[in-house]
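Have a look at structure-v3.txt below; it lists compact mmCIF, C-alpha atoms.
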# COMPACT_ATOMS: atom_id res chain seq x y z
CA GLY A 1 0.00 0.00 0.00
CA GLU A 2 0.95 3.64 -0.24
CA SER A 3 3.29 4.93 2.41
CA VAL A 4 1.85 7.39 4.94
CA GLY A 5 5.01 9.37 4.44
CA LEU A 6 3.91 10.33 0.92
CA HIS A 7 0.93 12.29 2.28
CA LEU A 8 2.93 15.46 2.78
CA PRO A 9 0.69 18.35 3.88
CA THR A 10 0.36 20.81 1.04
CA LEU A 11 -0.45 24.47 0.69
CA SER A 12 -1.17 26.22 -2.59
CA VAL A 13 -1.26 30.00 -2.85
CA GLN A 14 -1.39 32.57 -5.60
CA GLU A 15 1.76 34.45 -6.45
CA GLY A 16 1.82 37.66 -4.49
CA ASP A 17 -0.39 36.38 -1.68
CA ASN A 18 0.82 35.74 1.85
CA SER A 19 1.42 32.18 3.08
CA ILE A 20 1.16 30.78 6.56
CA ILE A 21 2.71 27.40 7.34
CA ASN A 22 1.99 25.84 10.69
CA CYS A 23 3.89 23.39 12.85
CA ALA A 24 3.19 21.66 16.14
CA TYR A 25 6.28 20.74 18.11
CA SER A 26 6.54 17.96 20.60
CA ASN A 27 8.79 18.89 23.51
CA SER A 28 7.65 21.64 25.85
CA ALA A 29 11.23 21.97 27.09
CA SER A 30 12.65 22.79 23.64
CA ASP A 31 14.19 26.24 23.65
CA TYR A 32 15.20 26.90 20.07
CA PHE A 33 13.22 26.56 16.85
CA ILE A 34 14.15 26.90 13.23
CA TRP A 35 12.51 26.86 9.83
CA TYR A 36 14.22 25.29 6.84
CA LYS A 37 13.33 25.37 3.16
CA GLN A 38 14.14 22.37 1.00
CA GLU A 39 13.97 22.40 -2.78
CA SER A 40 13.78 19.19 -4.74
CA GLY A 41 17.06 17.27 -4.71
CA LYS A 42 18.78 19.75 -2.39
CA GLY A 43 19.65 19.96 1.26
CA PRO A 44 17.65 22.06 3.73
CA GLN A 45 18.37 25.79 3.74
CA PHE A 46 18.01 28.02 6.79
CA ILE A 47 15.18 30.54 6.67
CA ILE A 48 14.70 31.95 10.17
CA ASP A 49 15.03 30.90 13.78
CA ILE A 50 13.61 31.91 17.15
CA ARG A 51 14.45 31.23 20.77
CA SER A 52 11.87 30.41 23.39
CA ASN A 53 12.26 33.75 25.14
CA MET A 54 10.65 35.42 22.11
CA ASP A 55 7.22 35.03 20.52
CA LYS A 56 7.89 36.73 17.20
CA ARG A 57 10.83 37.33 14.94
CA GLN A 58 10.91 38.97 11.53
CA GLY A 59 13.24 38.57 8.62
CA GLN A 60 13.09 39.65 5.03
CA ARG A 61 9.56 38.70 3.86
CA VAL A 62 9.35 36.04 6.58
CA THR A 63 8.02 36.09 10.13
CA VAL A 64 8.10 33.29 12.68
CA LEU A 65 5.58 33.18 15.51
CA LEU A 66 5.99 30.99 18.57
CA ASN A 67 3.15 30.04 20.92
CA LYS A 68 4.64 28.05 23.75
CA THR A 69 1.30 27.59 25.49
CA VAL A 70 0.04 25.30 22.72
CA LYS A 71 3.46 24.28 21.37
CA HIS A 72 2.81 25.86 18.00
CA LEU A 73 5.11 27.49 15.51
CA SER A 74 4.18 29.27 12.31
CA LEU A 75 6.04 30.70 9.34
CA GLN A 76 4.54 33.59 7.46
CA ILE A 77 5.86 34.41 3.99
CA ALA A 78 4.80 37.75 2.58
CA ALA A 79 4.18 38.40 -1.12
CA THR A 80 5.06 34.89 -2.22
CA GLN A 81 7.15 34.38 -5.33
CA PRO A 82 7.59 31.33 -7.58
CA GLY A 83 10.96 30.72 -5.97
CA ASP A 84 9.23 30.12 -2.65
CA SER A 85 7.85 26.80 -3.93
CA ALA A 86 9.50 24.13 -1.80
CA VAL A 87 8.99 21.91 1.22
CA TYR A 88 9.22 23.75 4.53
CA PHE A 89 10.29 22.04 7.73
CA CYS A 90 10.16 23.25 11.28
CA ALA A 91 12.70 21.84 13.71
CA GLU A 92 13.14 22.05 17.46
CA GLU A 93 16.35 21.85 19.39
CA THR A 94 16.09 19.43 22.22
CA PRO A 95 17.02 20.73 25.62
CA ALA A 96 20.59 21.10 26.77
CA GLY A 97 22.43 17.80 26.77
CA ALA A 98 21.03 16.44 23.53
CA GLN A 99 22.02 19.30 21.23
CA LYS A 100 20.43 18.21 18.00
CA LEU A 101 17.56 19.35 15.81
CA VAL A 102 14.41 17.25 15.57
CA PHE A 103 12.45 17.86 12.39
CA GLY A 104 8.74 17.83 11.71
CA GLN A 105 7.18 16.19 8.68
CA GLY A 106 7.17 19.26 6.44
CA THR A 107 4.70 21.17 4.30
CA ARG A 108 4.88 21.46 0.54
CA LEU A 109 4.22 25.02 -0.62
CA THR A 110 3.17 25.54 -4.23
CA ILE A 111 2.95 29.01 -5.72
CA ASN A 112 0.44 29.35 -8.53
CA PRO A 113 1.09 32.00 -11.19
CA ASP B 1 32.31 27.23 -2.49
CA THR B 2 32.81 26.97 1.26
CA GLY B 3 29.64 25.10 2.15
CA VAL B 4 29.23 21.51 3.36
CA SER B 5 30.31 19.10 0.65
CA GLN B 6 29.07 15.53 0.26
CA ASP B 7 30.27 12.78 -2.03
CA PRO B 8 28.96 10.96 -3.95
CA ARG B 9 25.72 12.80 -4.67
CA HIS B 10 24.09 9.65 -5.96
CA LYS B 11 24.85 5.98 -5.35
CA ILE B 12 23.03 2.96 -6.75
CA THR B 13 24.03 -0.36 -5.29
CA LYS B 14 22.82 -3.92 -5.06
CA ARG B 15 21.47 -5.34 -1.83
CA GLY B 16 24.25 -6.78 0.30
CA GLN B 17 26.97 -4.42 -0.93
CA ASN B 18 28.80 -1.93 1.28
CA VAL B 19 28.68 1.79 0.60
CA THR B 20 30.57 4.74 2.05
CA PHE B 21 29.64 8.41 2.00
CA ARG B 22 31.97 11.28 2.71
CA CYS B 23 31.21 14.68 4.20
CA ASP B 24 33.48 17.70 4.30
CA PRO B 25 32.06 20.24 6.75
CA ILE B 26 32.52 23.98 6.67
CA SER B 27 36.05 24.72 7.72
CA GLU B 28 36.43 25.27 11.47
CA HIS B 29 33.01 23.88 12.29
CA ASN B 30 33.73 21.48 15.11
CA ARG B 31 30.29 19.84 15.13
CA LEU B 32 29.25 17.45 12.38
CA TYR B 33 25.89 15.69 12.03
CA TRP B 34 24.47 12.90 9.92
CA TYR B 35 20.76 12.74 9.14
CA ARG B 36 18.69 10.41 6.99
CA GLN B 37 15.70 11.54 4.97
CA THR B 38 13.16 9.33 3.23
CA LEU B 39 10.57 10.49 0.74
CA GLY B 40 7.99 12.81 2.22
CA GLN B 41 9.62 12.88 5.65
CA GLY B 42 11.74 15.33 7.56
CA PRO B 43 15.39 14.55 8.21
CA GLU B 44 15.95 12.03 11.02
CA PHE B 45 18.97 12.34 13.28
CA LEU B 46 21.54 9.54 13.04
CA THR B 47 24.65 10.70 14.87
CA TYR B 48 26.88 13.66 15.61
CA PHE B 49 30.50 14.46 16.35
CA GLN B 50 32.23 17.17 18.27
CA ASN B 51 35.68 17.26 16.75
CA GLU B 52 36.66 13.59 16.44
CA ALA B 53 34.44 12.35 19.28
CA GLN B 54 31.15 10.69 18.40
CA LEU B 55 28.86 12.01 21.13
CA GLU B 56 25.49 10.50 20.29
CA LYS B 57 24.05 7.79 18.09
CA SER B 58 20.39 7.30 17.28
CA ARG B 59 18.65 3.96 17.68
CA LEU B 60 18.16 4.23 13.90
CA LEU B 61 21.86 3.57 13.52
CA SER B 62 21.97 -0.20 13.41
CA ASP B 63 25.13 -2.29 13.71
CA ARG B 64 25.49 -2.14 9.94
CA PHE B 65 26.09 1.61 10.10
CA SER B 66 29.33 3.18 11.24
CA ALA B 67 30.45 6.77 11.19
CA GLU B 68 33.90 8.18 11.75
CA ARG B 69 35.58 11.55 11.92
CA PRO B 70 39.19 10.52 12.50
CA LYS B 71 40.90 13.91 12.42
CA GLY B 72 38.01 16.09 13.41
CA SER B 73 37.58 17.38 9.87
CA PHE B 74 35.84 15.23 7.23
CA SER B 75 33.55 12.35 8.18
CA THR B 76 32.55 9.08 6.57
CA LEU B 77 29.34 7.10 6.96
CA GLU B 78 29.57 3.45 5.97
CA ILE B 79 26.65 1.10 5.52
CA GLN B 80 27.51 -2.58 5.39
CA ARG B 81 25.36 -5.27 3.78
CA THR B 82 22.91 -2.73 2.44
CA GLU B 83 19.18 -3.46 2.47
CA GLN B 84 16.42 -1.96 0.37
CA GLY B 85 15.18 -0.12 3.46
CA ASP B 86 18.44 1.82 3.53
CA SER B 87 17.41 3.69 0.39
CA ALA B 88 17.24 7.33 1.42
CA MET B 89 18.98 10.68 1.24
CA TYR B 90 21.86 10.89 3.69
CA LEU B 91 22.42 14.47 4.79
CA CYS B 92 25.45 15.87 6.50
CA ALA B 93 25.42 19.13 8.44
CA SER B 94 27.94 21.11 10.42
CA SER B 95 27.83 23.83 13.04
CA PRO B 96 30.36 26.03 14.79
CA ARG B 97 28.38 26.19 17.99
CA GLN B 98 26.75 23.96 20.55
CA THR B 99 23.35 25.39 19.73
CA GLY B 100 21.66 26.92 16.76
CA GLU B 101 21.54 26.58 13.01
CA LEU B 102 22.90 23.53 11.22
CA PHE B 103 24.41 24.08 7.79
CA PHE B 104 23.41 21.22 5.50
CA GLY B 105 25.07 19.76 2.46
CA GLU B 106 23.20 18.72 -0.66
CA GLY B 107 23.00 15.12 0.49
CA SER B 108 23.98 11.72 -0.87
CA ARG B 109 21.08 9.81 -2.34
CA LEU B 110 21.32 6.03 -1.93
CA THR B 111 19.26 3.58 -3.95
CA VAL B 112 19.52 -0.09 -3.00
CA LEU B 113 18.23 -2.47 -5.66

Take the structure in the file and give it back as structure tokens.
Amino acid sequence: GESVGLHLPTLSVQEGDNSIINCAYSNSASDYFIWYKQESGKGPQFIIDIRSNMDKRQGQRVTVLLNKTVKHLSLQIAATQPGDSAVYFCAEETPAGAQKLVFGQGTRLTINP
Amino acid sequence: DTGVSQDPRHKITKRGQNVTFRCDPISEHNRLYWYRQTLGQGPEFLTYFQNEAQLEKSRLLSDRFSAERPKGSFSTLEIQRTEQGDSAMYLCASSPRQTGELFFGEGSRLTVL
């Protein structure tokens, strides 16, 4: 049968619109979060990060929001462009002592012309 | 190019053969990570090194897998007696710090026939 892993959450938006990609993280003790973008056949690329002492951080066309109460992270991309089409992963850094990133499943973003 | 370099980019092998992947991290990054990524999934942690010391190994890393970083610079990941379930993208990442962003390479895609 078909692998569950192939059912990647997807989001389609019109070019120029804003996108919001959501992520639920697992460990309430995680203190660092990061969003990566991965294009087909390439390794993940850093987009933006945030530490747990903040609830919002802005970059160029991107904003990350952190809600620790419900363990939720979101990535907002303003004025999407065709080059934004990719799979987006959130990752959490496990608490001190483990020092590695744990990735979520990812969301495929498609920009329609 | 001073990014993380991985070789080979693609490897096709028959079940039962051994394969070895090489990773050259960003110069002066003392932390080096190996992740595995299957289709539609986020990267899964395998192991990491601080300098030449292997500090953590995932339960995903069976006895057939071995990673080394003999001089604290490049690293190799060897898979012995490959199985079809080993087919995946093997990603290497490096970092100059104990916490924060990981810089990923483009990955080595393994196909086991």

Can you list every residue of chain B that has an atom at most 9 Å from chain A, with its nearest atom pair and the distance in Å to one decimal, using all atoms listed in the file, ordered by chain then number, as a tab-separated table?
residue	atom	partner	partner_atom	distance
B:Tyr33	CA	A:Lys100	CA	8.5
B:Thr38	CA	A:Gly5	CA	8.2
B:Leu39	CA	A:Leu6	CA	6.7
B:Gly40	CA	A:Leu6	CA	4.9
B:Gln41	CA	A:Gln105	CA	5.1
B:Gly42	CA	A:Gln105	CA	4.8
B:Pro43	CA	A:Phe103	CA	6.1
B:Glu44	CA	A:Phe103	CA	6.9
B:Phe45	CA	A:Val102	CA	7.1
B:Tyr48	CA	A:Lys100	CA	8.2
B:Glu56	CA	A:Ala98	CA	8.1
B:Leu91	CA	A:Gly43	CA	7.1
B:Cys92	CA	A:Gly43	CA	8.8
B:Gln98	CA	A:Gln99	CA	6.7
B:Thr99	CA	A:Gln99	CA	6.4
B:Gly100	CA	A:Tyr32	CA	7.3
B:Glu101	CA	A:Phe46	CA	7.3
B:Leu102	CA	A:Phe46	CA	8.0
B:Phe103	CA	A:Gln45	CA	7.5
B:Phe104	CA	A:Gly43	CA	5.8
B:Gly105	CA	A:Gly43	CA	5.6
B:Glu106	CA	A:Gly43	CA	4.2
B:Gly107	CA	A:Gly43	CA	5.9
B:Arg109	CA	A:Gly41	CA	8.8

Which polymer residues have any atom within 10 Å of an atom of segment 55-69 of chain A, counting only C-alpha atoms, with same-chain residues fewer than 6 positions away left out, as number ranges by chain?
A: 18-25, 28-31, 33-35, 47-49, 75-80

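Atom CA of His29 of chain B is found 24.3 Å from atom CA of Glu39 of chain A.
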
Pairwise distance for atom CA of Phe21 of chain B and atom CA of Leu77 of chain B, rounded to one decimal in Å:
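Between atom CA of Phe21 of chain B and atom CA of Leu77 of chain B the gap works out to 5.1 Å.
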
Please determine, counting all atoms listed in the file, which residue among B:Leu113, B:Ala88, B:Ile79, B:Ala53 has the shortest atom-to-atom distance to Arg22 of chain B.
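When distances to Arg22 of chain B are compared using all atoms listed in the file, the smallest one comes from B:Ile79.
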
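Going from atom CA of Arg31 of chain B over to atom CA of Ser40 of chain A, you cover 25.8 Å.
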
With all atoms of segment 89-102 of chain B from the file as input, state the centre and edge lengths in Å to one decimal of the axis-aligned box that has 3 Å extra on each side, as JSON.
{"center_x": 24.7, "center_y": 18.8, "center_z": 10.9, "size_x": 17.4, "size_y": 22.2, "size_z": 25.3}

Nearest residue to Val70 of chain A out of A:Ile111, A:Asn53, A:Gly83, A:Asn27, using only C-alpha atoms?
A:Asn27

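The closest residue to Pro113 of chain A, picked from A:Gln81, A:Leu11, A:Lys37, A:Ala86 and counting all atoms listed in the file, is A:Gln81.
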
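Considering all atoms listed in the file, the residue among B:Val4, B:Leu110, B:Val19, B:Leu55 positioned nearest to Ser94 of chain B is B:Val4.
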